[in-house]
>>> print(open('my_file19.cif').read())   # mmCIF, C-alpha atoms
data_query
loop_
_atom_site.label_atom_id
_atom_site.label_comp_id
_atom_site.auth_asym_id
_atom_site.auth_seq_id
_atom_site.Cartn_x
_atom_site.Cartn_y
_atom_site.Cartn_z
CA MET A 27 75.66 6.70 131.86
CA THR A 28 77.06 3.24 132.60
CA VAL A 29 78.66 1.54 135.59
CA TYR A 30 81.51 -0.75 134.53
CA PHE A 31 82.38 -3.56 136.93
CA ILE A 32 86.00 -4.12 136.04
CA GLY A 33 88.18 -7.07 136.96
CA ALA A 34 91.62 -5.69 137.80
CA GLY A 35 93.32 -9.06 138.08
CA PRO A 36 95.19 -10.25 141.16
CA GLY A 37 97.43 -7.23 141.66
CA ASP A 38 99.98 -6.96 138.85
CA PRO A 39 99.01 -3.80 136.89
CA GLU A 40 100.29 -5.43 133.70
CA LEU A 41 97.57 -8.09 133.99
CA LEU A 42 94.90 -5.45 133.52
CA THR A 43 93.17 -6.08 130.18
CA LEU A 44 93.38 -3.52 127.40
CA LYS A 45 89.61 -3.05 127.56
CA ALA A 46 89.70 -2.46 131.31
CA GLN A 47 92.51 0.07 130.96
CA ARG A 48 90.66 1.93 128.22
CA ILE A 49 87.45 2.17 130.22
CA ILE A 50 89.22 3.35 133.38
CA SER A 51 91.00 6.01 131.33
CA GLU A 52 87.64 7.27 130.06
CA CYS A 53 85.60 7.31 133.30
CA THR A 54 85.45 10.51 135.33
CA VAL A 55 84.47 8.53 138.43
CA CYS A 56 86.51 5.55 139.62
CA LEU A 57 85.68 3.47 142.69
CA TYR A 58 88.28 0.81 143.44
CA ALA A 59 88.72 -1.78 146.19
CA GLY A 60 91.97 -0.42 147.59
CA SER A 61 92.62 -3.29 149.97
CA LEU A 62 92.97 -5.66 147.00
CA VAL A 63 93.62 -3.38 144.01
CA PRO A 64 96.88 -1.37 143.95
CA PRO A 65 96.65 2.35 143.11
CA GLU A 66 98.80 1.73 140.01
CA VAL A 67 95.86 -0.09 138.40
CA VAL A 68 93.70 3.04 138.45
CA ALA A 69 96.52 5.48 137.76
CA CYS A 70 95.27 5.69 134.17
CA ALA A 71 92.08 7.47 135.28
CA PRO A 72 91.71 10.82 133.49
CA GLU A 73 93.10 13.96 135.08
CA GLY A 74 90.62 15.45 137.49
CA ALA A 75 88.65 12.21 137.87
CA ARG A 76 87.00 11.40 141.19
CA VAL A 77 88.99 8.37 142.35
CA LEU A 78 87.91 6.79 145.64
CA ASP A 79 89.21 3.82 147.61
CA THR A 80 86.09 1.91 148.67
CA ALA A 81 87.82 -0.16 151.39
CA PRO A 82 86.42 2.02 154.22
CA MET A 83 83.06 2.56 152.50
CA THR A 84 79.76 0.68 152.90
CA LEU A 85 77.47 -0.55 150.13
CA ASP A 86 75.25 2.48 150.78
CA ASP A 87 78.26 4.80 150.42
CA THR A 88 79.40 3.35 147.10
CA HIS A 89 75.88 3.29 145.70
CA ALA A 90 75.38 6.92 146.69
CA GLU A 91 78.51 7.83 144.71
CA ILE A 92 77.13 5.95 141.70
CA VAL A 93 73.76 7.68 141.97
CA ARG A 94 75.46 11.09 142.08
CA ALA A 95 77.48 10.19 138.99
CA HIS A 96 74.31 8.97 137.29
CA GLU A 97 72.59 12.27 137.95
CA LYS A 98 75.54 14.07 136.32
CA GLY A 99 75.68 11.68 133.37
CA GLN A 100 79.14 10.41 134.37
CA ASP A 101 80.33 6.88 133.65
CA VAL A 102 81.72 4.96 136.64
CA ALA A 103 84.59 2.48 136.71
CA ARG A 104 83.87 0.13 139.63
CA VAL A 105 87.16 -1.73 139.93
CA HIS A 106 87.37 -5.05 141.75
CA SER A 107 90.22 -7.50 142.21
CA GLY A 108 90.58 -10.65 140.14
CA ASP A 109 87.49 -11.35 138.08
CA PRO A 110 84.31 -9.70 139.33
CA SER A 111 82.25 -12.85 138.78
CA LEU A 112 84.20 -14.65 141.55
CA TYR A 113 83.57 -13.38 145.08
CA GLY A 114 83.32 -9.87 143.69
CA ALA A 115 80.28 -8.89 145.79
CA ILE A 116 78.78 -7.34 142.67
CA ALA A 117 75.42 -9.16 142.81
CA GLU A 118 74.07 -6.87 145.54
CA GLN A 119 75.41 -3.83 143.69
CA ILE A 120 73.73 -4.94 140.47
CA ARG A 121 70.45 -5.44 142.34
CA ARG A 122 70.52 -1.80 143.41
CA LEU A 123 71.47 -0.58 139.96
CA LYS A 124 68.54 -2.45 138.42
CA ALA A 125 66.17 -1.01 141.02
CA ASP A 126 67.34 2.51 140.11
CA GLY A 127 67.37 1.89 136.36
CA ILE A 128 71.13 2.41 136.02
CA ASP A 129 72.92 0.60 133.18
CA TYR A 130 75.95 -1.57 133.89
CA GLN A 131 78.45 -3.79 132.13
CA ILE A 132 80.94 -6.36 133.41
CA VAL A 133 84.53 -6.44 132.17
CA PRO A 134 86.27 -9.72 133.09
CA GLY A 135 89.68 -9.88 134.69
CA VAL A 136 92.41 -12.44 135.39
CA PRO A 137 91.28 -14.58 138.36
CA ALA A 138 93.67 -15.32 141.21
CA TYR A 139 93.78 -19.07 140.56
CA ALA A 140 94.99 -18.46 136.97
CA ALA A 141 97.65 -16.01 138.14
CA ALA A 142 98.77 -18.45 140.83
CA ALA A 143 99.07 -21.29 138.31
CA ALA A 144 101.14 -19.04 136.04
CA THR A 145 103.39 -18.05 138.93
CA ILE A 146 104.17 -21.65 139.89
CA GLY A 147 104.53 -22.56 136.22
CA GLN A 148 102.04 -25.41 136.17
CA GLU A 149 98.86 -26.57 134.50
CA LEU A 150 95.98 -27.30 136.88
CA THR A 151 94.31 -29.89 134.65
CA ILE A 152 96.67 -32.81 134.03
CA PRO A 153 95.61 -35.73 131.79
CA GLU A 154 94.52 -38.75 133.86
CA ILE A 155 95.30 -36.84 137.09
CA ALA A 156 92.72 -34.05 137.36
CA GLN A 157 90.44 -32.56 134.75
CA SER A 158 88.29 -30.31 136.94
CA ILE A 159 88.86 -27.24 139.11
CA VAL A 160 86.56 -26.38 142.00
CA LEU A 161 86.51 -22.73 143.05
CA THR A 162 85.24 -22.47 146.59
CA ARG A 163 85.75 -20.90 150.00
CA MET A 164 85.05 -21.66 153.65
CA SER A 165 82.60 -20.21 156.15
CA MET A 166 84.38 -18.12 158.74
CA GLN A 167 83.36 -14.54 159.48
CA SER A 168 81.99 -14.11 155.98
CA THR A 169 78.65 -15.28 154.58
CA SER A 170 77.86 -18.91 155.41
CA MET A 171 78.18 -21.58 152.74
CA PRO A 172 75.11 -23.23 151.19
CA ALA A 173 74.27 -26.70 152.46
CA GLY A 174 76.20 -29.33 150.55
CA GLU A 175 79.01 -27.02 149.44
CA THR A 176 81.60 -28.45 151.80
CA LEU A 177 85.28 -29.27 151.36
CA GLU A 178 84.48 -32.87 152.22
CA ASN A 179 81.99 -33.10 149.35
CA PHE A 180 84.33 -31.40 146.90
CA GLY A 181 87.24 -33.52 148.14
CA ARG A 182 85.43 -36.69 147.14
CA THR A 183 85.82 -35.68 143.49
CA GLY A 184 89.62 -35.63 143.58
CA ALA A 185 89.55 -32.40 141.56
CA THR A 186 91.98 -29.52 141.94
CA LEU A 187 90.58 -27.21 144.62
CA ALA A 188 91.09 -23.44 144.65
CA ILE A 189 90.06 -22.35 148.13
CA HIS A 190 89.51 -18.66 148.82
CA LEU A 191 89.19 -16.79 152.12
CA ALA A 192 90.40 -19.71 154.22
CA VAL A 193 94.06 -19.26 155.12
CA ARG A 194 93.18 -18.83 158.79
CA ASN A 195 91.51 -22.23 158.76
CA MET A 196 94.33 -24.47 157.59
CA ARG A 197 93.74 -26.99 160.36
CA GLU A 198 90.15 -27.55 159.20
CA ILE A 199 91.26 -27.85 155.56
CA GLU A 200 93.70 -30.57 156.61
CA ARG A 201 91.04 -32.36 158.67
CA GLN A 202 88.46 -32.40 155.91
CA LEU A 203 90.70 -33.19 152.94
CA VAL A 204 93.27 -35.70 154.19
CA PRO A 205 90.72 -38.56 154.14
CA HIS A 206 90.14 -37.93 150.42
CA TYR A 207 93.52 -36.75 149.11
CA GLY A 208 95.90 -38.30 151.62
CA PRO A 209 98.42 -36.51 153.88
CA ASP A 210 101.02 -36.21 151.10
CA CYS A 211 98.74 -34.41 148.65
CA PRO A 212 100.45 -31.27 147.26
CA VAL A 213 99.26 -27.86 148.44
CA VAL A 214 100.23 -24.39 147.23
CA VAL A 215 99.44 -21.25 149.20
CA ALA A 216 99.72 -18.12 147.06
CA TYR A 217 99.88 -14.95 149.14
CA ARG A 218 99.14 -11.63 147.37
CA VAL A 219 99.93 -13.19 144.01
CA GLY A 220 100.85 -10.49 141.50
CA TRP A 221 101.97 -8.00 144.15
CA PRO A 222 105.63 -7.08 144.83
CA ASP A 223 105.50 -8.89 148.19
CA GLN A 224 103.89 -12.09 146.90
CA GLN A 225 104.85 -15.36 148.54
CA ILE A 226 104.39 -18.88 147.21
CA ILE A 227 104.49 -21.64 149.82
CA ARG A 228 104.53 -25.29 148.76
CA GLY A 229 103.84 -28.22 150.98
CA THR A 230 101.46 -31.07 151.63
CA LEU A 231 98.20 -31.35 153.50
CA SER A 232 100.13 -32.66 156.50
CA ASP A 233 102.75 -29.90 156.74
CA ILE A 234 101.48 -26.77 154.97
CA ARG A 235 99.81 -25.41 158.10
CA LYS A 236 103.15 -25.13 159.89
CA SER A 237 104.74 -23.32 156.93
CA VAL A 238 101.86 -20.84 156.64
CA ARG A 239 102.03 -20.12 160.35
CA ALA A 240 105.79 -19.56 160.16
CA ALA A 241 105.30 -17.10 157.30
CA LYS A 242 102.65 -15.27 159.37
CA ILE A 243 100.15 -15.30 156.52
CA THR A 244 96.66 -14.56 157.82
CA ARG A 245 94.82 -13.03 154.85
CA THR A 246 94.83 -12.37 151.08
CA ALA A 247 95.93 -15.87 150.15
CA LEU A 248 94.61 -18.51 147.76
CA ILE A 249 95.00 -22.19 148.62
CA LEU A 250 95.39 -24.74 145.83
CA VAL A 251 95.01 -28.42 146.69
CA GLY A 252 95.19 -31.52 144.52
CA PRO A 253 97.45 -34.14 142.92
CA ALA A 254 97.78 -32.01 139.77
CA LEU A 255 100.04 -29.68 141.79
CA ALA A 256 102.82 -32.24 142.07
CA GLU A 257 106.02 -30.91 140.52
CA SER A 258 106.43 -34.07 138.40
CA HIS A 259 103.90 -36.51 136.98
CA ASP A 260 103.76 -39.81 135.15
CA PHE A 261 100.86 -39.35 132.75
CA SER A 262 99.98 -39.88 129.11
CA ASP A 263 100.28 -37.00 126.65
CA SER A 264 97.06 -35.25 125.77
CA ALA A 265 95.21 -36.71 122.79
CA LEU A 266 94.99 -33.22 121.34
CA TYR A 267 98.40 -33.47 119.64
CA ASP A 268 98.62 -37.25 119.32
CA PRO A 269 99.46 -38.10 115.64
CA ALA A 270 97.53 -41.36 115.99
CA LYS A 271 94.37 -39.48 116.85
CA PRO A 272 93.46 -37.16 113.96
CA HIS A 273 90.75 -34.57 114.25
CA VAL A 274 88.98 -32.06 112.00
CA LEU A 275 91.79 -29.51 112.11
CA ARG A 276 94.57 -32.09 111.69
CA PRO A 277 93.32 -34.83 109.35
CA VAL A 278 95.43 -37.76 108.28
CA ALA A 279 95.46 -39.00 104.68
CA GLY A 280 93.21 -41.98 104.18
CA VAL A 281 91.23 -41.39 107.36
CA ASP A 282 87.66 -40.21 106.99
CA LEU A 283 86.66 -37.73 109.68
CA VAL A 284 83.15 -36.85 110.66
CA GLU A 285 82.75 -33.48 112.28
CA ASP A 286 80.54 -33.51 115.35
CA HIS A 287 78.19 -30.57 114.97
CA ASN A 288 76.81 -31.12 118.45
CA THR A 289 80.01 -29.91 120.15
#
>>> encode(input="my_file19.cif", output="structure tokens")
Amino acid sequence: MTVYFIGAGPGDPELLTLKAQRIISECTVCLYAGSLVPPEVVACAPEGARVLDTAPMTLDDTHAEIVRAHEKGQDVARVHSGDPSLYGAIAEQIRRLKADGIDYQIVPGVPAYAAAAATIGQELTIPEIAQSIVLTRMSMQSTSMPAGETLENFGRTGATLAIHLAVRNMREIERQLVPHYGPDCPVVVAYRVGWPDQQIIRGTLSDIRKSVRAAKITRTALILVGPALAESHDFSDSALYDPAKPHVLRPVAGVDLVEDHNT
């Protein structure tokens, strides 16, 4: 018997991986986070399967279901939104599984920041503009952040920020990031990306708060911040396809290439 922690992606059932779909279709027990995972994602569960929305359940409740399945030799599909390695709350579940000697596997899914970037049709790492992405969140009613993991600290890097669980705290985001990115820095708020009612709101650090408030968005939104989000850029082309910069897979006659075996 195995518990499969499955990343369902941000909401669009077509972003479910083939592996995830196969495992769900084979598990006679399916526990899914219904507040973030649409029922269509788990519609491929086998006929007669025990399919439960875990939104109203506690950790004890879900673990009890897993233990019952374990005793019956039934595999469990534990379906989370996005990718389970990011704010999936699977660490505490895994701790209990290990204590009870129950096997588990993790099946990755499409994270929200990747789906949001696809929806706005942009790359998040632009040559000479931003080459790093910071995935973070803010302390509100959820678990507090570790010391040092603050927006101010991350803002000093100039990287593209993907801020989770913070749409109710837009004023604080503006306060902490304007000194580092400037008031005109582009911001994208992606609400329920991948769902039929998704909304994409563009703005800047100085005006996005007003737009979010007008749209009445208070939850289930990802906030992207950084200069890479500008709709136009003046930057050099990547060296990857530059004909003047040959590499191992695209050599140029008369140029000796030395492959770096340390990369």
>>> atom_distance(input="my_file19.cif", atom1="CA of Leu187 (chain A)", atom2="CA of Ile249 (chain A)")
7.8 Å
>>> atom_distance(input="my_file19.cif", atom1="CA of Ile116 (chain A)", atom2="CA of Asp79 (chain A)")
16.1 Å
>>> closest_residue(input="my_file19.cif", among="A:Pro172, A:Pro82, A:Pro253, A:Gly220", to="Ala141 (chain A)", atoms="all atoms listed in the file")
A:Gly220
>>> closest_residue(input="my_file19.cif", among="A:Gln100, A:Gln224, A:Asn179, A:Gln148", to="His206 (chain A)", atoms="all atoms listed in the file")
A:Asn179
>>> closest_residue(input="my_file19.cif", among="A:Arg94, A:Lys236, A:Arg182, A:Lys242", to="Arg197 (chain A)", atoms="all atoms listed in the file")
A:Lys236
>>> residues_around(input="my_file19.cif", residues="region 27-31 of chain A", least_positions_apart="5", cutoff="10 Å", atoms="only C-alpha atoms", output="number ranges by chain")
A: 46, 49-50, 53, 55-58, 92, 95-106, 109-111, 114, 116, 119-120, 123, 128-135
>>> atom_distance(input="my_file19.cif", atom1="CA of Tyr113 (chain A)", atom2="CA of His190 (chain A)")
8.8 Å
>>> residues_near_point(input="my_file19.cif", point="(99.2, -13.4, 152.2)", cutoff="9 Å", atoms="all atoms listed in the file", output="PyMOL selection string")
chain A and resi 193+215-219+223-225+241-248
>>> closest_residue(input="my_file19.cif", among="A:Ala143, A:Ile189, A:Ala75, A:Ile32", to="Arg48 (chain A)", atoms="all atoms listed in the file")
A:Ile32
>>> residues_around(input="my_file19.cif", residues="Asn195 (chain A)", least_positions_apart="3", cutoff="9 Å", atoms="all atoms listed in the file", output="list in words")
Met164, Met166, Leu191, Ala192, Glu198, Ile199, Glu200 and Arg235 of chain A
>>> axis_aligned_box(input="my_file19.cif", around="region 75-79 of chain A", padding_each_side="6 Å", output="lines of an AutoDock Vina configuration file")
center_x = 88.1
center_y = 8.0
center_z = 142.7
size_x = 14.2
size_y = 20.4
size_z = 21.7
>>> closest_residue(input="my_file19.cif", among="A:Lys124, A:Leu85, A:Arg76, A:Trp221", to="Ser61 (chain A)", atoms="all atoms listed in the file")
A:Trp221
>>> closest_residue(input="my_file19.cif", among="A:Ala185, A:Ala115, A:Leu231, A:Val63", to="Gln157 (chain A)", atoms="only C-alpha atoms")
A:Ala185
